[in-house]
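First the structure, in the form of structure tokens, and then the observations on it.
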Amino acid sequence: MKKYNKGFTVGTFDMFHVGHLNLFRQAKEYCDFLIVGVHSDEWVMKCKNRPTIISYDDRADIVSSIKYVDQVVKNETRSKMEAWERYHFDVAFIGDDWKGTEVWNKIEKELNSVGCDVIYIPYTKGISTTQIRKTLGEKKDKIEAK
């Protein structure tokens with residue numbers, strides 16, 4: 001396995017779960033220094049059109065407490081090239097559920113043009129923030145129906 005100096009990944013990391021932990025753990029195996037971008041509350045509202053459950057400050061605090069994470073930065077852009085220009089990482093990590101998508105094919109090509117590799121980390125099956133939100137909504141509906 002190739003070892004990189006500086007790696008980068010980014011996400012909302014709302015309602016932190018084992019899938020997030022797996023991403024960090026596996027990414028850290030590839031690099032000496034892992035930077036994690038955490039989307040701001042404003043970015044999430046603008047891009048996902050919904051508020052976060054956990055505030056940015058709390059999400060950043062949670063992520064920075066993970067032993068695999070060396071630095072947490074506030075993220076307010078979709079552009080991985082903007083992030084690369086700011087942090088000059090050697091490798092970017094993303095879940096393999098994005099592999100082969102038009103969006104990530106373009107991002108990968110852009111990052112490769114500046115010597116940055118992209119590694120797709122196996123997606124943790126059966127867990128996602130979307131699934132947690134759905135489950136909580138179903139439980140809430142059952143409680144309210146009583």
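Simple scheme: letters A, B, ... for chains in structure tokens order, numbers from 1 for residues in each chain, numbers from 1 for ligands in the order shown.
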Per DSSP on the backbone, what are the strand (DSSP E) residues of range 31-86 of chain A, as an mmCIF file with C-alpha atoms, in the first residue's frame?
```cif
data_model
loop_
_atom_site.group_PDB
_atom_site.id
_atom_site.type_symbol
_atom_site.label_atom_id
_atom_site.label_comp_id
_atom_site.auth_asym_id
_atom_site.auth_seq_id
_atom_site.Cartn_x
_atom_site.Cartn_y
_atom_site.Cartn_z
ATOM 1 C CA CYS A 31 -1.447 8.847 5.256
ATOM 2 C CA ASP A 32 0.676 10.311 8.016
ATOM 3 C CA PHE A 33 -1.523 13.385 8.501
ATOM 4 C CA LEU A 34 -5.306 13.365 7.965
ATOM 5 C CA ILE A 35 -7.227 16.598 7.481
ATOM 6 C CA VAL A 36 -11.012 16.377 7.798
ATOM 7 C CA GLY A 37 -13.205 19.131 6.417
ATOM 8 C CA VAL A 38 -16.478 19.506 8.308
ATOM 9 C CA HIS A 39 -19.257 21.304 6.437
ATOM 10 C CA GLN A 71 -6.706 18.443 11.841
ATOM 11 C CA VAL A 72 -10.292 19.617 11.421
ATOM 12 C CA VAL A 73 -11.085 22.498 9.081
ATOM 13 C CA LYS A 74 -14.368 24.257 8.355
ATOM 14 C CA ASN A 75 -15.564 23.490 4.844
#
```
Find the residues near Asp90 in chain A: any atom within 9 Å, counting only C-alpha atoms, skip ones fewer than 2 places away on the same chain, and give them as an mmCIF file with C-alpha atoms, in the first residue's frame.
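Output file result_7.cif follows:
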```cif
data_model
loop_
_atom_site.group_PDB
_atom_site.id
_atom_site.type_symbol
_atom_site.label_atom_id
_atom_site.label_comp_id
_atom_site.auth_asym_id
_atom_site.auth_seq_id
_atom_site.Cartn_x
_atom_site.Cartn_y
_atom_site.Cartn_z
ATOM 1 C CA TYR A 4 1.010 9.423 1.578
ATOM 2 C CA ASN A 5 2.096 12.422 3.612
ATOM 3 C CA LYS A 6 -1.153 14.383 3.811
ATOM 4 C CA GLY A 7 -4.714 13.164 3.212
ATOM 5 C CA PHE A 8 -8.071 14.927 3.064
ATOM 6 C CA CYS A 31 -1.447 8.847 5.256
ATOM 7 C CA TRP A 84 -6.407 21.281 -2.430
ATOM 8 C CA HIS A 88 -2.023 20.800 -0.563
ATOM 9 C CA ALA A 92 -8.307 12.629 -1.126
ATOM 10 C CA GLY A 115 -0.505 15.096 -8.562
ATOM 11 C CA CYS A 116 -3.171 14.260 -5.992
ATOM 12 C CA ASP A 117 -4.578 10.733 -5.886
ATOM 13 C CA VAL A 118 -8.136 9.740 -4.967
#
```
query: For Glu85 in chain A, which of A:Val103, A:Tyr120, A:Val114, A:Trp98 is the closest residue, counting only C-alpha atoms?
result: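 Once distances to Glu85 in chain A are computed over only C-alpha atoms, the minimum belongs to A:Val114.
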- request: Excluding Phe16 in chain A and any residue of its chain fewer than 2 positions from it, enumerate the residues within 12 Å of it, using only C-alpha atoms, and give them as a PyMOL selection string.
  value: chain A and resi 11-14+18-24+38+52-55+58-63+65-66+127-130+132-133
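Counting only C-alpha atoms, the residue from A:Ala27, A:Leu111, A:Ile121, A:Val44 that sits nearest to Ser79 in chain A is A:Leu111.
Of the residues under consideration (A:Tyr30, A:His17, A:Arg25, A:Ile107), A:His17 shows the shortest atom-to-atom contact distance to Gly126 in chain A when counting only C-alpha atoms.
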